[in-house]
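Here is the file structure.cif (mmCIF, C-alpha atoms and all ligand atoms; chains and numbers go by the auth columns).
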data_query
#
loop_
_atom_site.group_PDB
_atom_site.id
_atom_site.type_symbol
_atom_site.label_atom_id
_atom_site.label_comp_id
_atom_site.label_asym_id
_atom_site.label_seq_id
_atom_site.Cartn_x
_atom_site.Cartn_y
_atom_site.Cartn_z
_atom_site.B_iso_or_equiv
_atom_site.auth_seq_id
_atom_site.auth_asym_id
ATOM 1 C CA MET A 1 -1.983 5.860 -16.454 0.00 1 J
ATOM 2 C CA LEU A 2 -1.471 5.357 -12.733 0.00 2 J
ATOM 3 C CA ARG A 3 -5.020 4.220 -12.075 0.00 3 J
ATOM 4 C CA TRP A 4 -4.472 1.170 -14.269 0.00 4 J
ATOM 5 C CA LEU A 5 -1.726 0.104 -11.890 0.00 5 J
ATOM 6 C CA VAL A 6 -3.738 0.379 -8.688 0.00 6 J
ATOM 7 C CA PRO A 7 -4.963 -2.991 -7.396 0.00 7 J
ATOM 8 C CA ARG A 8 -8.497 -3.186 -6.059 0.00 8 J
ATOM 9 C CA GLU A 9 -7.201 -4.976 -3.012 0.00 9 J
ATOM 10 C CA TYR A 10 -3.926 -5.839 -1.329 0.00 10 J
ATOM 11 C CA ALA A 11 -3.363 -9.054 0.643 0.00 11 J
ATOM 12 C CA PRO A 12 -0.201 -9.872 2.607 0.00 12 J
ATOM 13 C CA SER A 13 -0.296 -13.401 1.151 0.00 13 J
ATOM 14 C CA VAL A 14 -2.478 -15.594 -1.044 0.00 14 J
ATOM 15 C CA GLN A 15 -3.651 -17.372 2.111 0.00 15 J
ATOM 16 C CA ALA A 16 -4.741 -14.041 3.578 0.00 16 J
ATOM 17 C CA ILE A 17 -7.185 -13.284 0.744 0.00 17 J
ATOM 18 C CA ASP A 18 -10.737 -13.156 2.074 0.00 18 J
ATOM 19 C CA LEU A 19 -12.340 -15.723 -0.238 0.00 19 J
ATOM 20 C CA ALA A 20 -15.798 -15.333 1.272 0.00 20 J
ATOM 21 C CA ALA A 21 -15.622 -11.573 0.676 0.00 21 J
ATOM 22 C CA LEU A 22 -14.704 -12.190 -2.974 0.00 22 J
ATOM 23 C CA ARG A 23 -17.760 -14.425 -3.345 0.00 23 J
ATOM 24 C CA ARG A 24 -19.947 -11.743 -1.775 0.00 24 J
ATOM 25 C CA ARG A 25 -18.637 -9.370 -4.450 0.00 25 J
ATOM 26 C CA GLY A 26 -19.900 -11.776 -7.088 0.00 26 J
ATOM 27 C CA ILE A 27 -16.495 -13.207 -7.941 0.00 27 J
ATOM 28 C CA GLU A 28 -16.792 -16.735 -9.338 0.00 28 J
ATOM 29 C CA ALA A 29 -13.340 -17.334 -10.772 0.00 29 J
ATOM 30 C CA LEU A 30 -9.720 -16.582 -9.910 0.00 30 J
ATOM 31 C CA LEU A 31 -6.922 -16.126 -12.406 0.00 31 J
ATOM 32 C CA LEU A 32 -3.723 -16.895 -10.525 0.00 32 J
ATOM 33 C CA ASP A 33 -0.222 -15.770 -11.337 0.00 33 J
ATOM 34 C CA LEU A 34 2.289 -18.560 -10.689 0.00 34 J
ATOM 35 C CA ASP A 35 5.815 -17.351 -9.977 0.00 35 J
ATOM 36 C CA ASN A 36 6.236 -15.465 -6.720 0.00 36 J
ATOM 37 C CA THR A 37 2.474 -15.541 -6.217 0.00 37 J
ATOM 38 C CA LEU A 38 1.681 -19.244 -5.724 0.00 38 J
ATOM 39 C CA VAL A 39 5.240 -20.579 -5.632 0.00 39 J
ATOM 40 C CA PRO A 40 8.628 -18.893 -5.130 0.00 40 J
ATOM 41 C CA TRP A 41 10.248 -17.935 -8.428 0.00 41 J
ATOM 42 C CA GLY A 42 11.840 -20.966 -10.087 0.00 42 J
ATOM 43 C CA ALA A 43 10.700 -23.335 -7.332 0.00 43 J
ATOM 44 C CA ARG A 44 9.981 -26.912 -8.318 0.00 44 J
ATOM 45 C CA GLU A 45 8.263 -27.928 -5.120 0.00 45 J
ATOM 46 C CA ILE A 46 4.796 -26.840 -4.195 0.00 46 J
ATOM 47 C CA PRO A 47 4.626 -24.891 -0.922 0.00 47 J
ATOM 48 C CA GLU A 48 3.045 -26.966 1.827 0.00 48 J
ATOM 49 C CA ALA A 49 0.128 -24.634 2.418 0.00 49 J
ATOM 50 C CA LEU A 50 -0.828 -24.243 -1.245 0.00 50 J
ATOM 51 C CA PRO A 51 -2.925 -27.381 -1.936 0.00 51 J
ATOM 52 C CA GLY A 52 -5.047 -26.600 1.115 0.00 52 J
ATOM 53 C CA TRP A 53 -5.629 -23.067 -0.125 0.00 53 J
ATOM 54 C CA ILE A 54 -6.575 -24.317 -3.597 0.00 54 J
ATOM 55 C CA ALA A 55 -9.062 -26.687 -1.969 0.00 55 J
ATOM 56 C CA ALA A 56 -10.458 -23.856 0.172 0.00 56 J
ATOM 57 C CA ALA A 57 -10.930 -21.652 -2.877 0.00 57 J
ATOM 58 C CA ARG A 58 -12.810 -24.455 -4.608 0.00 58 J
ATOM 59 C CA ALA A 59 -14.885 -25.054 -1.503 0.00 59 J
ATOM 60 C CA HIS A 60 -15.923 -21.407 -1.760 0.00 60 J
ATOM 61 C CA GLY A 61 -17.204 -22.169 -5.249 0.00 61 J
ATOM 62 C CA LEU A 62 -14.367 -20.409 -7.068 0.00 62 J
ATOM 63 C CA ARG A 63 -13.130 -21.752 -10.399 0.00 63 J
ATOM 64 C CA LEU A 64 -9.373 -21.456 -10.846 0.00 64 J
ATOM 65 C CA CYS A 65 -6.909 -21.031 -13.663 0.00 65 J
ATOM 66 C CA ILE A 66 -3.199 -20.275 -13.449 0.00 66 J
ATOM 67 C CA VAL A 67 -2.170 -17.593 -15.952 0.00 67 J
ATOM 68 C CA THR A 68 1.588 -17.278 -16.214 0.00 68 J
ATOM 69 C CA ASN A 69 4.013 -15.593 -18.551 0.00 69 J
ATOM 70 C CA ASN A 70 6.287 -18.539 -17.851 0.00 70 J
ATOM 71 C CA PHE A 71 6.455 -20.971 -20.734 0.00 71 J
ATOM 72 C CA THR A 72 8.417 -23.875 -19.249 0.00 72 J
ATOM 73 C CA ARG A 73 7.419 -27.457 -18.576 0.00 73 J
ATOM 74 C CA ARG A 74 7.853 -26.620 -14.915 0.00 74 J
ATOM 75 C CA ALA A 75 4.839 -24.315 -14.979 0.00 75 J
ATOM 76 C CA GLU A 76 2.703 -26.996 -16.585 0.00 76 J
ATOM 77 C CA ARG A 77 3.949 -29.620 -14.155 0.00 77 J
ATOM 78 C CA ILE A 78 3.083 -27.494 -11.135 0.00 78 J
ATOM 79 C CA ALA A 79 -0.370 -26.740 -12.504 0.00 79 J
ATOM 80 C CA ARG A 80 -0.972 -30.434 -13.137 0.00 80 J
ATOM 81 C CA ALA A 81 0.243 -31.380 -9.667 0.00 81 J
ATOM 82 C CA LEU A 82 -2.182 -28.848 -8.202 0.00 82 J
ATOM 83 C CA GLY A 83 -4.980 -30.040 -10.459 0.00 83 J
ATOM 84 C CA VAL A 84 -5.517 -26.510 -11.749 0.00 84 J
ATOM 85 C CA GLU A 85 -5.895 -25.424 -15.358 0.00 85 J
ATOM 86 C CA ALA A 86 -3.120 -23.252 -16.725 0.00 86 J
ATOM 87 C CA VAL A 87 -2.463 -20.820 -19.521 0.00 87 J
ATOM 88 C CA THR A 88 1.300 -20.511 -20.027 0.00 88 J
ATOM 89 C CA ALA A 89 3.220 -17.942 -22.103 0.00 89 J
ATOM 90 C CA ALA A 90 0.322 -15.603 -21.363 0.00 90 J
ATOM 91 C CA ALA A 91 2.259 -12.403 -22.159 0.00 91 J
ATOM 92 C CA LYS A 92 0.532 -10.370 -19.437 0.00 92 J
ATOM 93 C CA PRO A 93 -0.325 -7.477 -19.417 0.00 93 J
ATOM 94 C CA ALA A 94 -1.598 -8.348 -22.911 0.00 94 J
ATOM 95 C CA SER A 95 -5.142 -9.616 -22.764 0.00 95 J
ATOM 96 C CA LEU A 96 -5.031 -12.724 -24.942 0.00 96 J
ATOM 97 C CA GLY A 97 -3.915 -15.190 -22.258 0.00 97 J
ATOM 98 C CA LEU A 98 -6.201 -13.703 -19.620 0.00 98 J
ATOM 99 C CA ARG A 99 -9.149 -13.838 -21.998 0.00 99 J
ATOM 100 C CA GLY A 100 -8.264 -17.420 -22.897 0.00 100 J
ATOM 101 C CA ALA A 101 -8.313 -18.371 -19.225 0.00 101 J
ATOM 102 C CA MET A 102 -11.706 -16.720 -18.722 0.00 102 J
ATOM 103 C CA ARG A 103 -13.061 -18.538 -21.743 0.00 103 J
ATOM 104 C CA ARG A 104 -11.854 -21.855 -20.334 0.00 104 J
ATOM 105 C CA LEU A 105 -13.535 -21.137 -17.018 0.00 105 J
ATOM 106 C CA GLY A 106 -16.648 -19.747 -18.637 0.00 106 J
ATOM 107 C CA THR A 107 -16.454 -16.522 -16.656 0.00 107 J
ATOM 108 C CA ALA A 108 -16.903 -12.849 -17.470 0.00 108 J
ATOM 109 C CA PRO A 109 -14.615 -10.000 -16.360 0.00 109 J
ATOM 110 C CA ALA A 110 -17.131 -8.710 -13.803 0.00 110 J
ATOM 111 C CA SER A 111 -17.124 -12.053 -11.989 0.00 111 J
ATOM 112 C CA THR A 112 -13.381 -12.696 -12.234 0.00 112 J
ATOM 113 C CA ALA A 113 -10.546 -11.718 -9.916 0.00 113 J
ATOM 114 C CA LEU A 114 -6.860 -11.792 -10.725 0.00 114 J
ATOM 115 C CA VAL A 115 -4.221 -12.462 -8.074 0.00 115 J
ATOM 116 C CA GLY A 116 -0.608 -11.532 -8.778 0.00 116 J
ATOM 117 C CA ASP A 117 2.591 -10.018 -7.439 0.00 117 J
ATOM 118 C CA GLN A 118 3.519 -7.621 -10.248 0.00 118 J
ATOM 119 C CA LEU A 119 1.958 -4.273 -11.047 0.00 119 J
ATOM 120 C CA PHE A 120 3.095 -4.018 -14.658 0.00 120 J
ATOM 121 C CA THR A 121 2.011 -7.490 -15.731 0.00 121 J
ATOM 122 C CA ASP A 122 -0.659 -8.870 -13.393 0.00 122 J
ATOM 123 C CA ILE A 123 -2.402 -5.792 -12.042 0.00 123 J
ATOM 124 C CA LEU A 124 -2.167 -3.763 -15.240 0.00 124 J
ATOM 125 C CA GLY A 125 -3.390 -6.692 -17.360 0.00 125 J
ATOM 126 C CA GLY A 126 -6.271 -7.406 -14.991 0.00 126 J
ATOM 127 C CA ASN A 127 -7.338 -3.781 -14.659 0.00 127 J
ATOM 128 C CA LEU A 128 -7.302 -3.249 -18.417 0.00 128 J
ATOM 129 C CA LEU A 129 -9.813 -6.099 -18.738 0.00 129 J
ATOM 130 C CA GLY A 130 -11.968 -4.882 -15.860 0.00 130 J
ATOM 131 C CA LEU A 131 -11.093 -7.739 -13.502 0.00 131 J
ATOM 132 C CA TYR A 132 -11.059 -7.385 -9.713 0.00 132 J
ATOM 133 C CA THR A 133 -7.322 -7.218 -9.042 0.00 133 J
ATOM 134 C CA VAL A 134 -5.598 -8.449 -5.886 0.00 134 J
ATOM 135 C CA LEU A 135 -1.923 -7.671 -5.304 0.00 135 J
ATOM 136 C CA VAL A 136 0.219 -9.902 -3.102 0.00 136 J
ATOM 137 C CA PRO A 137 3.894 -9.291 -2.267 0.00 137 J
ATOM 138 C CA PRO A 138 6.408 -11.540 -4.089 0.00 138 J
ATOM 139 C CA LEU A 139 7.087 -14.834 -2.283 0.00 139 J
ATOM 140 C CA SER A 140 10.787 -14.723 -2.973 0.00 140 J
ATOM 141 C CA ARG A 141 13.350 -12.090 -3.726 0.00 141 J
ATOM 142 C CA ARG A 142 14.681 -14.274 -6.504 0.00 142 J
ATOM 143 C CA GLU A 143 13.221 -13.499 -9.896 0.00 143 J
ATOM 144 C CA PHE A 144 13.892 -13.133 -13.566 0.00 144 J
ATOM 145 C CA PRO A 145 16.803 -10.672 -14.037 0.00 145 J
ATOM 146 C CA THR A 146 14.755 -8.196 -16.051 0.00 146 J
ATOM 147 C CA THR A 147 12.039 -8.346 -13.418 0.00 147 J
ATOM 148 C CA ARG A 148 14.505 -6.848 -10.960 0.00 148 J
ATOM 149 C CA LEU A 149 14.734 -3.734 -13.101 0.00 149 J
ATOM 150 C CA VAL A 150 10.987 -3.590 -13.351 0.00 150 J
ATOM 151 C CA ARG A 151 10.815 -3.779 -9.553 0.00 151 J
ATOM 152 C CA LEU A 152 12.685 -0.484 -9.289 0.00 152 J
ATOM 153 C CA ALA A 153 10.032 1.231 -11.354 0.00 153 J
ATOM 154 C CA GLU A 154 7.392 -0.673 -9.432 0.00 154 J
ATOM 155 C CA ALA A 155 8.721 0.625 -6.112 0.00 155 J
ATOM 156 C CA LEU A 156 8.303 4.176 -7.363 0.00 156 J
ATOM 157 C CA VAL A 157 4.795 3.540 -8.590 0.00 157 J
ATOM 158 C CA MET A 158 3.924 1.636 -5.428 0.00 158 J
ATOM 159 C CA SER A 159 4.618 4.669 -3.273 0.00 159 J
ATOM 160 C CA LEU A 160 2.030 6.538 -5.366 0.00 160 J
ATOM 161 C CA VAL A 161 -0.353 3.585 -5.498 0.00 161 J
ATOM 162 C CA ARG A 162 -0.344 3.235 -1.706 0.00 162 J
ATOM 163 C CA ARG A 163 -1.941 6.631 -1.393 0.00 163 J
ATOM 164 C CA ARG A 164 -4.711 5.720 -3.796 0.00 164 J
ATOM 165 C CA MET A 165 -5.701 2.381 -2.376 0.00 165 J
ATOM 166 C CA PRO A 166 -8.897 2.157 -0.339 0.00 166 J
ATOM 167 C CA ALA A 167 -8.129 2.079 3.387 0.00 167 J
ATOM 168 C CA SER A 168 -9.977 -1.228 3.796 0.00 168 J
ATOM 169 C CA SER A 169 -7.751 -3.026 1.319 0.00 169 J
ATOM 170 C CA GLY A 170 -4.648 -3.254 3.467 0.00 170 J
ATOM 171 C CA THR A 171 -1.314 -1.610 2.916 0.00 171 J
ATOM 172 C CA PRO A 172 1.401 -2.972 0.679 0.00 172 J
ATOM 173 C CA GLY A 173 4.442 -3.734 2.764 0.00 173 J
ATOM 174 C CA ALA A 174 7.802 -5.344 2.273 0.00 174 J
ATOM 175 C CA PRO A 175 8.208 -8.535 0.241 0.00 175 J
ATOM 176 C CA ARG A 176 7.620 -11.749 2.129 0.00 176 J
ATOM 177 C CA ARG A 177 10.942 -13.155 3.159 0.00 177 J
ATOM 178 C CA GLY A 178 11.542 -16.809 3.075 0.00 178 J
ATOM 179 C CA SER A 179 12.600 -19.431 0.690 0.00 179 J
ATOM 180 C CA SER A 180 15.498 -17.851 -1.066 0.00 180 J
HETATM 181 MG MG MG B . 4.672 -13.314 -10.551 0.00 201 J
#
Before anything else, please render the file you have as structure tokens.
Ligand SMILES: [Mg+2]
Amino acid sequence: MLRWLVPREYAPSVQAIDLAALRRRGIEALLLDLDNTLVPWGAREIPEALPGWIAAARAHGLRLCIVTNNFTRRAERIARALGVEAVTAAAKPASLGLRGAMRRLGTAPASTALVGDQLFTDILGGNLLGLYTVLVPPLSRREFPTTRLVRLAEALVMSLVRRRMPASSGTPGAPRRGSS
């Protein structure tokens, strides 16, 4: 069970992901979690650095799709403002939304990476489909109330996961502090 929760790579932020290295691995598309990965949970504004990162990812030849369990207009609005496709109400870790996003981008699991902040939705869902999974720490400490409970379990698993991650992939640390 635990191996399905281990990300292939850890990055201290979305901006810190080595996009060129992903391309060298044959990655052609990124599935991006929204809340606490691209934007702080519940945020309406787009972080200043995000459009530049989206542009950089595209410049590296990566196709992008947001895949979020969020089902609000807000998620769609943010995706539109960023000019990125989005699958909302994706029900990760279930595969339907992730598969739908890959179909839209015309990409196969072996050439797709998933970036997210949660082990039990993003990383588990990505690993089950054979995607290259990248874990980032949550942008904000604010989140959905039930997510807070999940985080307790996640902290336990994370201490085990840390020991299993390849040394080159960085070490999961504390959540990014900031906008909350
Ligand atoms: Mg998230």
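Residues in contact with Trp53 (chain J) at up to 9 Å, not including ones fewer than 5 positions away on its chain and judged by only C-alpha atoms, are Val14, Gln15 and Arg58 of chain J.
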Store the residues of this selection in a file with C-alpha atoms, as a compact mmCIF listing (two decimals), keeping the file's coordinate frame.
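Dumped everything to result34.txt:
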# COMPACT_ATOMS: atom_id res chain seq x y z
CA VAL J 14 -2.48 -15.59 -1.04
CA GLN J 15 -3.65 -17.37 2.11
CA ARG J 58 -12.81 -24.46 -4.61
Practice item. Pick out the residues sitting within 10 Å of Leu22 (chain J), and hand them over as a ChimeraX atom specification; count all atoms listed in the file, and ignore anything fewer than 5 positions along from it in its own chain. Key: /J:17,27-30,60,62,111-113,132
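Minimum atom-to-atom distance to Gly125 (chain J), evaluated using all atoms listed in the file, belongs to J:Thr68 out of J:Thr68, J:Thr107, J:Thr88, J:Ser140.
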Check your understanding: What do you get, as a PyMOL selection string, if you spell out every residue that the PyMOL selection byres (((not hetatm)) within 7 of (chain J and resi 201)) selects here?
Key -> chain J and resi 33-37+116-118+138
Exercise for review: Might you pull out every residue within 9 Å of Glu154 (chain J), with all atoms listed in the file counted and same-chain residues fewer than 5 positions away left off, and present them as a list of chain:residue names?
Suggested key: J:Gln118, J:Leu119, J:Phe120, J:Leu149, J:Ser159
Deliver the residues from the most recent selection as a file, using C-alpha atoms, as a short mmCIF file (atom, residue, chain, number, x, y, z; two decimals), in the coordinates of the input.
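File produced: result.cif:
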data_model
loop_
_atom_site.label_atom_id
_atom_site.label_comp_id
_atom_site.auth_asym_id
_atom_site.auth_seq_id
_atom_site.Cartn_x
_atom_site.Cartn_y
_atom_site.Cartn_z
CA GLN J 118 3.52 -7.62 -10.25
CA LEU J 119 1.96 -4.27 -11.05
CA PHE J 120 3.10 -4.02 -14.66
CA LEU J 149 14.73 -3.73 -13.10
CA SER J 159 4.62 4.67 -3.27
#
Exercise for review: Kindly indicate which residue among J:Ala49, J:Leu105, J:Ala21, J:Val67 lies nearest to Ala91 (chain J), using only C-alpha atoms for the distances.
Suggested key: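 Closest to Ala91 (chain J), using only C-alpha atoms: J:Val67.
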Revision key, fill the gap. The distance between CA of Asn127 (chain J) and CA of Pro40 (chain J) is 24.0 Å
Practice item. Determine the nearest neighbour of Asn69 (chain J) from the options J:Ser95, J:Arg3, J:Arg23, J:Glu45, counting only C-alpha atoms. Key: J:Ser95
Exercise for review: Between CA of Leu114 (chain J) and CA of Gly42 (chain J), measure the distance and give it in Å to one decimal.
Suggested key: 20.8 Å
Check your understanding: Exactly which residues make up the result of the PyMOL selection byres (((chain J and resi 75) around 10) and not hetatm) on this file, given as a PyMOL selection string?
Key -> chain J and resi 34-35+42-44+66-74+76-81+86-89
Those residues you just picked out, can you put them in a file as a compact mmCIF listing (two decimals), in the coordinates of the input with C-alpha atoms?
# COMPACT_ATOMS: atom_id res chain seq x y z
CA LEU J 34 2.29 -18.56 -10.69
CA ASP J 35 5.82 -17.35 -9.98
CA GLY J 42 11.84 -20.97 -10.09
CA ALA J 43 10.70 -23.34 -7.33
CA ARG J 44 9.98 -26.91 -8.32
CA ILE J 66 -3.20 -20.27 -13.45
CA VAL J 67 -2.17 -17.59 -15.95
CA THR J 68 1.59 -17.28 -16.21
CA ASN J 69 4.01 -15.59 -18.55
CA ASN J 70 6.29 -18.54 -17.85
CA PHE J 71 6.46 -20.97 -20.73
CA THR J 72 8.42 -23.88 -19.25
CA ARG J 73 7.42 -27.46 -18.58
CA ARG J 74 7.85 -26.62 -14.92
CA GLU J 76 2.70 -27.00 -16.58
CA ARG J 77 3.95 -29.62 -14.16
CA ILE J 78 3.08 -27.49 -11.14
CA ALA J 79 -0.37 -26.74 -12.50
CA ARG J 80 -0.97 -30.43 -13.14
CA ALA J 81 0.24 -31.38 -9.67
CA ALA J 86 -3.12 -23.25 -16.73
CA VAL J 87 -2.46 -20.82 -19.52
CA THR J 88 1.30 -20.51 -20.03
CA ALA J 89 3.22 -17.94 -22.10
Check your understanding: Distance CA of Thr133 (chain J)-CA of Val115 (chain J), one decimal place?
Key ->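 Spanning CA of Thr133 (chain J) to CA of Val115 (chain J) is a straight-line distance of 6.2 Å.
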